[in-house]
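Colleague: Attaching a single structure in structure tokens format; questions to follow.
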Number of protein chains: 2
Amino acid sequence: MDQAVTPPILYEWAGRKSAQPIDPALEALVRDIIGKIADKWTMLIIETLDAHGTLRFTELGHKVGDISQKMLTKTLRQMEADGLVTRTVHPVVPPHVDYALTDLGRGLGAAFCSVWTWAEAHYDDIEQSRAAFAARQGAV
Amino acid sequence: MDQAVTPPILYEWAGRKSAQPIDPALEALVRDIIGKIADKWTMLIIETLDAHGTLRFTELGHKVGDISQKMLTKTLRQMEADGLVTRTVHPVVPPHVDYALTDLGRGLGAAFCSVWTWAEAHYDDIEQSRAAFAARQGAV
DNA sequence: CTGGATCCGGTTTGATACTG
DNA sequence: CAGTATCAAACCGGATCCAG
């Protein structure tokens, strides 16, 4: 009950600017959120959880890749606070903690998917640009 | 010329996981790129440039908001290297440098738009979650 | 006067070791 | 296994200084 119902406030931004009204207060608010969730680890964790479903702490860390426990803990806490993931503690002898995406988190994951698709489609362009840029710099 | 043509490699990821084949090497590659562009300032700069078009250094910094010149310079450099923005220097008496999105950068902006829309639609959910989480923590 | 490079202080991050 | 504690390193932001 959102995508379709959302007032078309920044829709014209999607295709192109039309240099227009967009509520500044709202934009500031949204901007703040973007600033907080547009984090490398947040994106990677969301993708991992979305792809694999419920995961335990260590397993999640392993699948995400090069993340330290500290950042994993920290990012997970932030995401939990933001309502993106649930943290379920099973009080058993060897501690067992499950992390899973909430509906909110899954929604964000779906939104990220277009970025993901974009990256998948353009990584070679990026690498090419990087090589060209490096060559340009090296030449100076 | 991308969204529609892109091979449906991780499309099943969009809706839900189906615990499946997705090329691991490709995923690692894409993951690497996501890790590099998933940056707070990168997103904010893309949005700003997409909304306002070509901008000068100082003007861009002002519109982005709370960014320091150092981070603006650094992020812009990275984005230039990645081929997301063009940096045009006009050799005039008062230095004049224009920054504009490339097609690649615009594409990323468009992809990121869904995240923007999501944030716009759910910021109240997030704030609610944060309040609940804070209360839960404070209560302990 | 603008873009941006440099130096310094504070914060964040990462590696390792330790506890429940 | 899941996290915390500790310390060193890297990074961020602000002010200042430099080049055109």
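The chains in the structure tokens are called A, B, ... from first to last as shown; in each chain the residues are counted from 1, and the ligands are counted from 1 in the order shown.
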Taking 3 positions as the minimum chain separation for residues in the same chain, which residues sit within 12 Å of Thr102 (chain A) when counting only C-alpha atoms (C1' of nucleotides)? Answer as a list in words.

Modeller: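 Result of the neighbour search: Ile46, Leu49, Asp50, Gly53, Thr54, Met79, Glu80, Ala81, Asp82, Gly83, Leu84, Val85, Thr86, Arg87, Thr88, Tyr99, Gly105, Arg106, Gly107, Leu108 and Gly109 of chain A; Asp125, Ile126 and Ser129 of chain B.
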
Colleague: Dump as a Markdown table the rows for residues of chain A within 7 Å of chain D: closest atom pair and distance in Å with one decimal, only C-alpha atoms (C1' of nucleotides) counted, ordered by chain and rising residue number.

Modeller:
```
| residue | atom | partner | partner_atom | distance |
| --- | --- | --- | --- | --- |
| A:Phe57 | CA | D:DA2 | C1' | 6.9 |
| A:Pro94 | CA | D:DC1 | C1' | 5.7 |
| A:Pro95 | CA | D:DC1 | C1' | 5.4 |
| A:His96 | CA | D:DC1 | C1' | 6.7 |
```

Colleague: Would you work out the distance separating CA of Glu120 (chain A) from CA of Glu59 (chain A), expressed in Å to one decimal?

Modeller: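 Going from CA of Glu120 (chain A) over to CA of Glu59 (chain A), I get 24.8 Å.
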
Colleague: Give me, as number ranges by chain, the residues of chain B touching chain C, with the criterion being at most 10 Å (counting only C-alpha atoms (C1' of nucleotides)).

Modeller: B: 56-58, 69-70, 72-74, 89, 93-97

Colleague: Would you output that residue set with C-alpha atoms, as a PDB file, in the first residue's frame?

Modeller:
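Dumped to selection_21.pdb:
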```
ATOM      1  CA  ARG B  56      29.696  24.252 -10.314  1.00  0.00           C
ATOM      2  CA  PHE B  57      31.768  22.951  -7.465  1.00  0.00           C
ATOM      3  CA  THR B  58      30.691  25.362  -4.767  1.00  0.00           C
ATOM      4  CA  GLN B  69      34.819  20.459   0.466  1.00  0.00           C
ATOM      5  CA  LYS B  70      37.178  17.632   1.112  1.00  0.00           C
ATOM      6  CA  LEU B  72      32.972  16.727  -2.114  1.00  0.00           C
ATOM      7  CA  THR B  73      36.299  16.757  -3.918  1.00  0.00           C
ATOM      8  CA  LYS B  74      37.062  13.194  -2.997  1.00  0.00           C
ATOM      9  CA  VAL B  89      37.348  22.949 -16.386  1.00  0.00           C
ATOM     10  CA  VAL B  93      40.266  34.003 -14.700  1.00  0.00           C
ATOM     11  CA  PRO B  94      37.990  33.062 -11.820  1.00  0.00           C
ATOM     12  CA  PRO B  95      38.228  29.269 -12.006  1.00  0.00           C
ATOM     13  CA  HIS B  96      35.065  27.691 -13.280  1.00  0.00           C
ATOM     14  CA  VAL B  97      34.524  23.935 -13.009  1.00  0.00           C
TER      15      VAL B  97
END
```

Colleague: Could you list, with a cut-off of 7 Å and counting only C-alpha atoms, the residues of chain B near chain A, each shown with its nearest atom pair and the distance in Å rounded to one decimal, rows sorted by chain and ascending number, as a Markdown table?

Modeller:
```
| residue | atom | partner | partner_atom | distance |
| --- | --- | --- | --- | --- |
| B:Thr6 | CA | A:Ala121 | CA | 6.4 |
| B:Trp13 | CA | A:Ala51 | CA | 6.5 |
| B:Ala14 | CA | A:Ala110 | CA | 5.3 |
| B:Gly15 | CA | A:Ala110 | CA | 6.7 |
| B:Arg16 | CA | A:Asp50 | CA | 6.9 |
| B:Lys17 | CA | A:Ala51 | CA | 4.9 |
| B:Ala19 | CA | A:His52 | CA | 6.7 |
| B:Val30 | CA | A:Glu120 | CA | 5.5 |
| B:Ile33 | CA | A:Ala119 | CA | 6.7 |
| B:Ile34 | CA | A:Ala119 | CA | 6.9 |
| B:Gly35 | CA | A:Lys40 | CA | 4.9 |
| B:Ala38 | CA | A:Lys40 | CA | 5.0 |
| B:Asp39 | CA | A:Asp39 | CA | 5.7 |
| B:Lys40 | CA | A:Gly35 | CA | 4.9 |
| B:Asp50 | CA | A:Lys17 | CA | 6.5 |
| B:Ala51 | CA | A:Lys17 | CA | 4.7 |
| B:His52 | CA | A:Lys17 | CA | 6.6 |
| B:Ala81 | CA | A:Arg130 | CA | 5.0 |
| B:Asp82 | CA | A:Ile126 | CA | 5.1 |
| B:Gly83 | CA | A:Ser129 | CA | 5.2 |
| B:Leu108 | CA | A:Trp118 | CA | 6.6 |
| B:Ala110 | CA | A:Ala14 | CA | 5.5 |
| B:Ala111 | CA | A:Val115 | CA | 5.0 |
| B:Phe112 | CA | A:Val115 | CA | 5.7 |
| B:Cys113 | CA | A:Ala14 | CA | 5.9 |
| B:Ser114 | CA | A:Ala111 | CA | 5.2 |
| B:Val115 | CA | A:Ala111 | CA | 4.9 |
| B:Trp118 | CA | A:Leu108 | CA | 6.7 |
| B:Ala119 | CA | A:Val30 | CA | 5.9 |
| B:Glu120 | CA | A:Val30 | CA | 5.5 |
| B:Ala121 | CA | A:Asp2 | CA | 6.3 |
| B:Tyr123 | CA | A:Val30 | CA | 6.8 |
| B:Ile126 | CA | A:Asp82 | CA | 5.1 |
| B:Ser129 | CA | A:Gly83 | CA | 5.2 |
| B:Arg130 | CA | A:Ala81 | CA | 5.0 |
| B:Phe133 | CA | A:Ala81 | CA | 5.3 |
```

Colleague: Please return as a PyMOL selection string: the residues of region 12-112 of chain B that backbone DSSP assigns to strand (DSSP E).

Modeller: chain B and resi 55-56+85-90+96-101

Colleague: Using N, CA, C and O atoms, can you export the residues from the last selection as an mmCIF file, in the first residue's frame?

Modeller:
```cif
data_model
loop_
_atom_site.group_PDB
_atom_site.id
_atom_site.type_symbol
_atom_site.label_atom_id
_atom_site.label_comp_id
_atom_site.auth_asym_id
_atom_site.auth_seq_id
_atom_site.Cartn_x
_atom_site.Cartn_y
_atom_site.Cartn_z
ATOM 1 N N LEU B 55 26.282 21.664 -12.540
ATOM 2 C CA LEU B 55 26.510 22.580 -11.430
ATOM 3 C C LEU B 55 28.002 22.841 -11.243
ATOM 4 O O LEU B 55 28.836 22.017 -11.626
ATOM 5 N N ARG B 56 28.313 23.951 -10.636
ATOM 6 C CA ARG B 56 29.696 24.252 -10.314
ATOM 7 C C ARG B 56 30.024 23.679 -8.948
ATOM 8 O O ARG B 56 29.145 23.386 -8.150
ATOM 9 N N VAL B 85 30.357 11.003 -13.495
ATOM 10 C CA VAL B 85 30.227 12.435 -13.752
ATOM 11 C C VAL B 85 31.348 12.909 -14.674
ATOM 12 O O VAL B 85 32.387 12.266 -14.789
ATOM 13 N N THR B 86 31.100 14.021 -15.305
ATOM 14 C CA THR B 86 32.146 14.654 -16.104
ATOM 15 C C THR B 86 32.592 15.909 -15.373
ATOM 16 O O THR B 86 31.790 16.587 -14.744
ATOM 17 N N ARG B 87 33.854 16.187 -15.471
ATOM 18 C CA ARG B 87 34.422 17.367 -14.819
ATOM 19 C C ARG B 87 34.987 18.260 -15.912
ATOM 20 O O ARG B 87 35.942 17.894 -16.582
ATOM 21 N N THR B 88 34.346 19.405 -16.107
ATOM 22 C CA THR B 88 34.772 20.306 -17.164
ATOM 23 C C THR B 88 35.387 21.561 -16.583
ATOM 24 O O THR B 88 34.726 22.324 -15.889
ATOM 25 N N VAL B 89 36.650 21.769 -16.891
ATOM 26 C CA VAL B 89 37.348 22.949 -16.386
ATOM 27 C C VAL B 89 37.382 24.031 -17.450
ATOM 28 O O VAL B 89 37.890 23.802 -18.539
ATOM 29 N N HIS B 90 36.812 25.187 -17.108
ATOM 30 C CA HIS B 90 36.889 26.320 -18.029
ATOM 31 C C HIS B 90 38.057 27.190 -17.577
ATOM 32 O O HIS B 90 38.003 27.770 -16.501
ATOM 33 N N HIS B 96 36.455 28.080 -13.076
ATOM 34 C CA HIS B 96 35.065 27.691 -13.280
ATOM 35 C C HIS B 96 35.063 26.209 -13.646
ATOM 36 O O HIS B 96 35.558 25.824 -14.695
ATOM 37 N N VAL B 97 34.562 25.371 -12.749
ATOM 38 C CA VAL B 97 34.524 23.935 -13.009
ATOM 39 C C VAL B 97 33.092 23.429 -12.964
ATOM 40 O O VAL B 97 32.388 23.621 -11.976
ATOM 41 N N ASP B 98 32.673 22.806 -14.043
ATOM 42 C CA ASP B 98 31.308 22.275 -14.110
ATOM 43 C C ASP B 98 31.294 20.777 -13.901
ATOM 44 O O ASP B 98 32.140 20.058 -14.439
ATOM 45 N N TYR B 99 30.326 20.336 -13.140
ATOM 46 C CA TYR B 99 30.128 18.906 -12.958
ATOM 47 C C TYR B 99 28.762 18.535 -13.501
ATOM 48 O O TYR B 99 27.777 19.222 -13.261
ATOM 49 N N ALA B 100 28.733 17.416 -14.246
ATOM 50 C CA ALA B 100 27.460 16.960 -14.797
ATOM 51 C C ALA B 100 27.449 15.441 -14.815
ATOM 52 O O ALA B 100 28.498 14.801 -14.893
ATOM 53 N N LEU B 101 26.271 14.884 -14.762
ATOM 54 C CA LEU B 101 26.128 13.436 -14.807
ATOM 55 C C LEU B 101 26.392 12.924 -16.222
ATOM 56 O O LEU B 101 26.007 13.552 -17.200
#
```
